[in-house]
Amino acid sequence: MRVVALCLMVATSALAQQPPKVHVWDVPQALDAVDVPGRVEAGGLPVAIHAVRSKQTVDQLLQHFRTEFTKKGLFLPPPEHLTLRTTLSQVTGLDPDTFIAYTVFLQPNADGTTTALITETFLAERRAPGEVDFAPVMPGARGVIQSRTEGLRMVSYRAPATEEEAWAFHRAVFAEAAYKETAPGVFEHDGTALRVVIQPLSKQEVAVSVMEGAAARQPVEDPLGEDEPSP
């Protein structure tokens, strides 16, 4: 058991020192393609996303990717071992050498084409669940969800507090870190901007979202279509 653990530590260290090689998958009868710039983060894992539209059907593409994944030596877990979060047909393969999981979601289109959403999940770069390094998180936070795209980071969660207590918490923490509130809910320091959005869910619970990036300086509209009220 110690030998296995040591080998895993060495493999993880080696992966951290050099970027893993990412497979580029051929999509037969491709019509057009779109790459999402940078990576997003889901569940503490960085994910790259590509979309390719093809003339082939869902069944044809499923068979194609299963065959290609097998040829490259990927491990294809049985469907019952996968957590399905969508009704779209999908196939997943894990590269045991790089710890990259490839998943293809197949969406049939009205014009008879199929869109293949190809994702690469970098398992060796997992962050600790709930670990947030760019914004404060209130005590007792639940359901912490992070997302990351190029130039933008966001964290959302629920916390046991009133709206007034939530604002007091953020203003105190940001003031301690030398941030200044340059607009209602917008805190800036040394070129970094964060926007805080707090919505009361009940008398003793709030939903909190914190956004970092250039977009944090832009006004935010709430789901009801009204500008976010000044806290």
# chains A, B, ... in the order shown; residues from 1 in each chain; ligands from 1

$ select_by_dssp --residues "segment 127-199 of chain A" --states "strand (DSSP E or B)" --output "VMD selection string"
chain A and resid 142 to 149 152 to 159 180 to 183 186 to 189 192 to 199

$ residues_around --residues "Lys72 of chain A" --least-positions-apart "4" --cutoff "9 Å" --atoms "only C-alpha atoms" --output "MDAnalysis selection string"
chainID A and resid 23 67:68 95

$ select_by_dssp --residues "segment 11-225 of chain A" --states "alpha helix (DSSP H)" --output "PyMOL selection string"
chain A and resi 11-17+58-71+163-176

$ write_last_selection --atoms "C-alpha atoms" --output "CSV table (one decimal), in the first residue's frame"
chain,number,residue,atom,x,y,z
A,11,ALA,CA,3.1,10.6,-10.7
A,12,THR,CA,1.1,13.6,-9.4
A,13,SER,CA,4.3,15.6,-8.8
A,14,ALA,CA,5.5,14.8,-12.3
A,15,LEU,CA,2.2,16.0,-13.7
A,16,ALA,CA,2.4,19.2,-11.8
A,17,GLN,CA,5.8,19.9,-13.2
A,58,VAL,CA,-25.9,11.0,-32.3
A,59,ASP,CA,-25.6,7.2,-32.6
A,60,GLN,CA,-22.8,7.4,-35.3
A,61,LEU,CA,-20.8,9.9,-33.2
A,62,LEU,CA,-21.3,7.8,-30.0
A,63,GLN,CA,-19.8,4.8,-31.7
A,64,HIS,CA,-17.0,6.9,-33.2
A,65,PHE,CA,-15.9,8.3,-29.9
A,66,ARG,CA,-16.1,5.0,-28.1
A,67,THR,CA,-13.9,3.5,-30.7
A,68,GLU,CA,-11.4,6.4,-30.7
A,69,PHE,CA,-11.2,6.4,-26.8
A,70,THR,CA,-10.6,2.6,-26.8
A,71,LYS,CA,-7.8,2.9,-29.5
A,163,GLU,CA,-28.8,40.9,4.6
A,164,GLU,CA,-27.4,43.5,7.0
A,165,GLU,CA,-25.1,41.0,8.7
A,166,ALA,CA,-23.8,39.8,5.3
A,167,TRP,CA,-23.0,43.3,4.1
A,168,ALA,CA,-21.3,44.1,7.4
A,169,PHE,CA,-19.2,41.0,7.1
A,170,HIS,CA,-18.0,41.8,3.6
A,171,ARG,CA,-17.3,45.5,4.4
A,172,ALA,CA,-15.3,44.6,7.4
A,173,VAL,CA,-13.2,41.9,5.7
A,174,PHE,CA,-12.6,44.1,2.6
A,175,ALA,CA,-11.6,47.1,4.7
A,176,GLU,CA,-9.2,44.9,6.7

$ residues_around --residues "Phe122 of chain A" --least-positions-apart "2" --cutoff "9 Å" --atoms "only C-alpha atoms" --output "PyMOL selection string"
chain A and resi 20+45-48+98-101+120+124-126

$ closest_atom_pairs --of "segment 32-144 of chain A" --to "segment 206-220 of chain A" --cutoff "9 Å" --atoms "only C-alpha atoms" --output "Markdown table"
| residue | atom | partner | partner_atom | distance |
| --- | --- | --- | --- | --- |
| A:Phe134 | CA | A:Glu212 | CA | 7.7 |
| A:Ala135 | CA | A:Val210 | CA | 7.0 |
| A:Pro136 | CA | A:Val210 | CA | 8.7 |
| A:Val137 | CA | A:Val208 | CA | 8.9 |
| A:Met138 | CA | A:Val208 | CA | 8.9 |

$ decode --residues "segment 14-133 of chain A" --atoms "C-alpha atoms" --output "PDB file, in the first residue's frame"
ATOM      1  CA  ALA A  14       5.518  14.847 -12.314  1.00  0.00           C
ATOM      2  CA  LEU A  15       2.187  15.978 -13.749  1.00  0.00           C
ATOM      3  CA  ALA A  16       2.392  19.207 -11.763  1.00  0.00           C
ATOM      4  CA  GLN A  17       5.845  19.949 -13.155  1.00  0.00           C
ATOM      5  CA  GLN A  18       4.884  19.689 -16.818  1.00  0.00           C
ATOM      6  CA  PRO A  19       1.563  20.276 -18.595  1.00  0.00           C
ATOM      7  CA  PRO A  20      -0.127  16.992 -19.535  1.00  0.00           C
ATOM      8  CA  LYS A  21      -0.523  16.197 -23.223  1.00  0.00           C
ATOM      9  CA  VAL A  22      -4.122  16.694 -24.286  1.00  0.00           C
ATOM     10  CA  HIS A  23      -5.598  14.514 -27.016  1.00  0.00           C
ATOM     11  CA  VAL A  24      -7.244  16.323 -29.932  1.00  0.00           C
ATOM     12  CA  TRP A  25     -10.195  14.287 -31.153  1.00  0.00           C
ATOM     13  CA  ASP A  26     -11.292  14.145 -34.763  1.00  0.00           C
ATOM     14  CA  VAL A  27     -14.994  14.766 -35.364  1.00  0.00           C
ATOM     15  CA  PRO A  28     -16.122  13.133 -38.635  1.00  0.00           C
ATOM     16  CA  GLN A  29     -18.006  15.259 -41.160  1.00  0.00           C
ATOM     17  CA  ALA A  30     -17.447  18.401 -39.095  1.00  0.00           C
ATOM     18  CA  LEU A  31     -19.188  21.577 -40.278  1.00  0.00           C
ATOM     19  CA  ASP A  32     -17.924  24.201 -37.821  1.00  0.00           C
ATOM     20  CA  ALA A  33     -16.237  24.428 -34.439  1.00  0.00           C
ATOM     21  CA  VAL A  34     -16.069  26.772 -31.448  1.00  0.00           C
ATOM     22  CA  ASP A  35     -13.561  26.717 -28.580  1.00  0.00           C
ATOM     23  CA  VAL A  36     -14.419  28.298 -25.230  1.00  0.00           C
ATOM     24  CA  PRO A  37     -11.308  30.404 -24.409  1.00  0.00           C
ATOM     25  CA  GLY A  38      -9.358  29.382 -21.341  1.00  0.00           C
ATOM     26  CA  ARG A  39     -10.858  27.014 -18.804  1.00  0.00           C
ATOM     27  CA  VAL A  40     -13.907  27.014 -16.602  1.00  0.00           C
ATOM     28  CA  GLU A  41     -13.930  25.479 -13.141  1.00  0.00           C
ATOM     29  CA  ALA A  42     -16.554  22.979 -12.013  1.00  0.00           C
ATOM     30  CA  GLY A  43     -16.493  21.326  -8.617  1.00  0.00           C
ATOM     31  CA  GLY A  44     -12.918  22.439  -8.035  1.00  0.00           C
ATOM     32  CA  LEU A  45     -11.738  20.972 -11.343  1.00  0.00           C
ATOM     33  CA  PRO A  46     -10.517  22.955 -14.383  1.00  0.00           C
ATOM     34  CA  VAL A  47     -12.430  22.038 -17.542  1.00  0.00           C
ATOM     35  CA  ALA A  48     -11.763  22.933 -21.180  1.00  0.00           C
ATOM     36  CA  ILE A  49     -14.732  22.966 -23.578  1.00  0.00           C
ATOM     37  CA  HIS A  50     -15.010  22.657 -27.361  1.00  0.00           C
ATOM     38  CA  ALA A  51     -18.119  22.487 -29.554  1.00  0.00           C
ATOM     39  CA  VAL A  52     -18.144  20.909 -33.014  1.00  0.00           C
ATOM     40  CA  ARG A  53     -21.173  20.534 -35.284  1.00  0.00           C
ATOM     41  CA  SER A  54     -21.258  17.438 -37.473  1.00  0.00           C
ATOM     42  CA  LYS A  55     -23.413  15.961 -40.231  1.00  0.00           C
ATOM     43  CA  GLN A  56     -23.385  12.602 -38.449  1.00  0.00           C
ATOM     44  CA  THR A  57     -26.129  11.360 -36.114  1.00  0.00           C
ATOM     45  CA  VAL A  58     -25.879  10.977 -32.349  1.00  0.00           C
ATOM     46  CA  ASP A  59     -25.567   7.181 -32.633  1.00  0.00           C
ATOM     47  CA  GLN A  60     -22.837   7.424 -35.266  1.00  0.00           C
ATOM     48  CA  LEU A  61     -20.811   9.870 -33.168  1.00  0.00           C
ATOM     49  CA  LEU A  62     -21.277   7.810 -29.994  1.00  0.00           C
ATOM     50  CA  GLN A  63     -19.797   4.789 -31.735  1.00  0.00           C
ATOM     51  CA  HIS A  64     -17.008   6.903 -33.238  1.00  0.00           C
ATOM     52  CA  PHE A  65     -15.853   8.328 -29.898  1.00  0.00           C
ATOM     53  CA  ARG A  66     -16.142   4.975 -28.086  1.00  0.00           C
ATOM     54  CA  THR A  67     -13.896   3.462 -30.750  1.00  0.00           C
ATOM     55  CA  GLU A  68     -11.399   6.359 -30.653  1.00  0.00           C
ATOM     56  CA  PHE A  69     -11.234   6.396 -26.847  1.00  0.00           C
ATOM     57  CA  THR A  70     -10.555   2.643 -26.817  1.00  0.00           C
ATOM     58  CA  LYS A  71      -7.832   2.946 -29.483  1.00  0.00           C
ATOM     59  CA  LYS A  72      -6.019   5.575 -27.369  1.00  0.00           C
ATOM     60  CA  GLY A  73      -6.082   3.327 -24.309  1.00  0.00           C
ATOM     61  CA  LEU A  74      -8.620   5.337 -22.341  1.00  0.00           C
ATOM     62  CA  PHE A  75     -10.664   3.648 -19.624  1.00  0.00           C
ATOM     63  CA  LEU A  76     -14.389   3.805 -20.386  1.00  0.00           C
ATOM     64  CA  PRO A  77     -16.366   3.446 -17.133  1.00  0.00           C
ATOM     65  CA  PRO A  78     -19.689   1.586 -17.324  1.00  0.00           C
ATOM     66  CA  PRO A  79     -22.717   3.928 -17.666  1.00  0.00           C
ATOM     67  CA  GLU A  80     -23.998   2.906 -14.217  1.00  0.00           C
ATOM     68  CA  HIS A  81     -20.786   4.273 -12.674  1.00  0.00           C
ATOM     69  CA  LEU A  82     -21.281   7.740 -14.136  1.00  0.00           C
ATOM     70  CA  THR A  83     -23.171  10.621 -12.557  1.00  0.00           C
ATOM     71  CA  LEU A  84     -25.487  11.793 -15.322  1.00  0.00           C
ATOM     72  CA  ARG A  85     -26.311  15.510 -15.035  1.00  0.00           C
ATOM     73  CA  THR A  86     -27.973  15.860 -18.432  1.00  0.00           C
ATOM     74  CA  THR A  87     -30.353  13.973 -20.693  1.00  0.00           C
ATOM     75  CA  LEU A  88     -27.898  14.249 -23.606  1.00  0.00           C
ATOM     76  CA  SER A  89     -26.172  11.091 -24.835  1.00  0.00           C
ATOM     77  CA  GLN A  90     -22.583  11.002 -23.642  1.00  0.00           C
ATOM     78  CA  VAL A  91     -19.403   8.947 -23.543  1.00  0.00           C
ATOM     79  CA  THR A  92     -16.529   9.386 -21.071  1.00  0.00           C
ATOM     80  CA  GLY A  93     -12.976   8.124 -21.206  1.00  0.00           C
ATOM     81  CA  LEU A  94     -10.181   8.513 -18.635  1.00  0.00           C
ATOM     82  CA  ASP A  95      -6.523   8.741 -19.628  1.00  0.00           C
ATOM     83  CA  PRO A  96      -4.699   6.922 -16.777  1.00  0.00           C
ATOM     84  CA  ASP A  97      -1.356   8.484 -17.744  1.00  0.00           C
ATOM     85  CA  THR A  98      -2.377  12.152 -17.598  1.00  0.00           C
ATOM     86  CA  PHE A  99      -5.466  11.921 -15.355  1.00  0.00           C
ATOM     87  CA  ILE A 100      -7.511  13.811 -17.929  1.00  0.00           C
ATOM     88  CA  ALA A 101     -11.136  12.729 -18.297  1.00  0.00           C
ATOM     89  CA  TYR A 102     -12.650  13.304 -21.727  1.00  0.00           C
ATOM     90  CA  THR A 103     -16.432  13.522 -22.022  1.00  0.00           C
ATOM     91  CA  VAL A 104     -18.426  14.065 -25.205  1.00  0.00           C
ATOM     92  CA  PHE A 105     -22.027  15.258 -24.929  1.00  0.00           C
ATOM     93  CA  LEU A 106     -24.089  14.875 -28.114  1.00  0.00           C
ATOM     94  CA  GLN A 107     -26.949  17.236 -28.858  1.00  0.00           C
ATOM     95  CA  PRO A 108     -29.217  16.574 -31.862  1.00  0.00           C
ATOM     96  CA  ASN A 109     -30.159  19.714 -33.796  1.00  0.00           C
ATOM     97  CA  ALA A 110     -33.372  20.558 -35.634  1.00  0.00           C
ATOM     98  CA  ASP A 111     -31.565  20.649 -38.996  1.00  0.00           C
ATOM     99  CA  GLY A 112     -30.456  17.022 -38.662  1.00  0.00           C
ATOM    100  CA  THR A 113     -26.906  17.815 -37.565  1.00  0.00           C
ATOM    101  CA  THR A 114     -25.379  16.949 -34.189  1.00  0.00           C
ATOM    102  CA  THR A 115     -23.358  19.204 -31.889  1.00  0.00           C
ATOM    103  CA  ALA A 116     -20.561  17.428 -30.043  1.00  0.00           C
ATOM    104  CA  LEU A 117     -19.588  19.184 -26.814  1.00  0.00           C
ATOM    105  CA  ILE A 118     -16.118  17.865 -25.979  1.00  0.00           C
ATOM    106  CA  THR A 119     -14.779  18.514 -22.480  1.00  0.00           C
ATOM    107  CA  GLU A 120     -11.412  17.841 -20.873  1.00  0.00           C
ATOM    108  CA  THR A 121     -11.418  17.636 -17.075  1.00  0.00           C
ATOM    109  CA  PHE A 122      -7.979  17.899 -15.460  1.00  0.00           C
ATOM    110  CA  LEU A 123      -8.336  15.607 -12.441  1.00  0.00           C
ATOM    111  CA  ALA A 124      -4.742  16.103 -11.241  1.00  0.00           C
ATOM    112  CA  GLU A 125      -5.437  19.816 -10.720  1.00  0.00           C
ATOM    113  CA  ARG A 126      -8.352  19.391  -8.325  1.00  0.00           C
ATOM    114  CA  ARG A 127      -8.812  22.129  -5.759  1.00  0.00           C
ATOM    115  CA  ALA A 128     -10.102  21.387  -2.291  1.00  0.00           C
ATOM    116  CA  PRO A 129     -13.929  21.527  -2.251  1.00  0.00           C
ATOM    117  CA  GLY A 130     -15.104  24.963  -1.220  1.00  0.00           C
ATOM    118  CA  GLU A 131     -11.574  26.405  -1.268  1.00  0.00           C
ATOM    119  CA  VAL A 132     -11.832  30.008  -2.440  1.00  0.00           C
ATOM    120  CA  ASP A 133      -8.644  32.035  -2.795  1.00  0.00           C
TER     121      ASP A 133
END
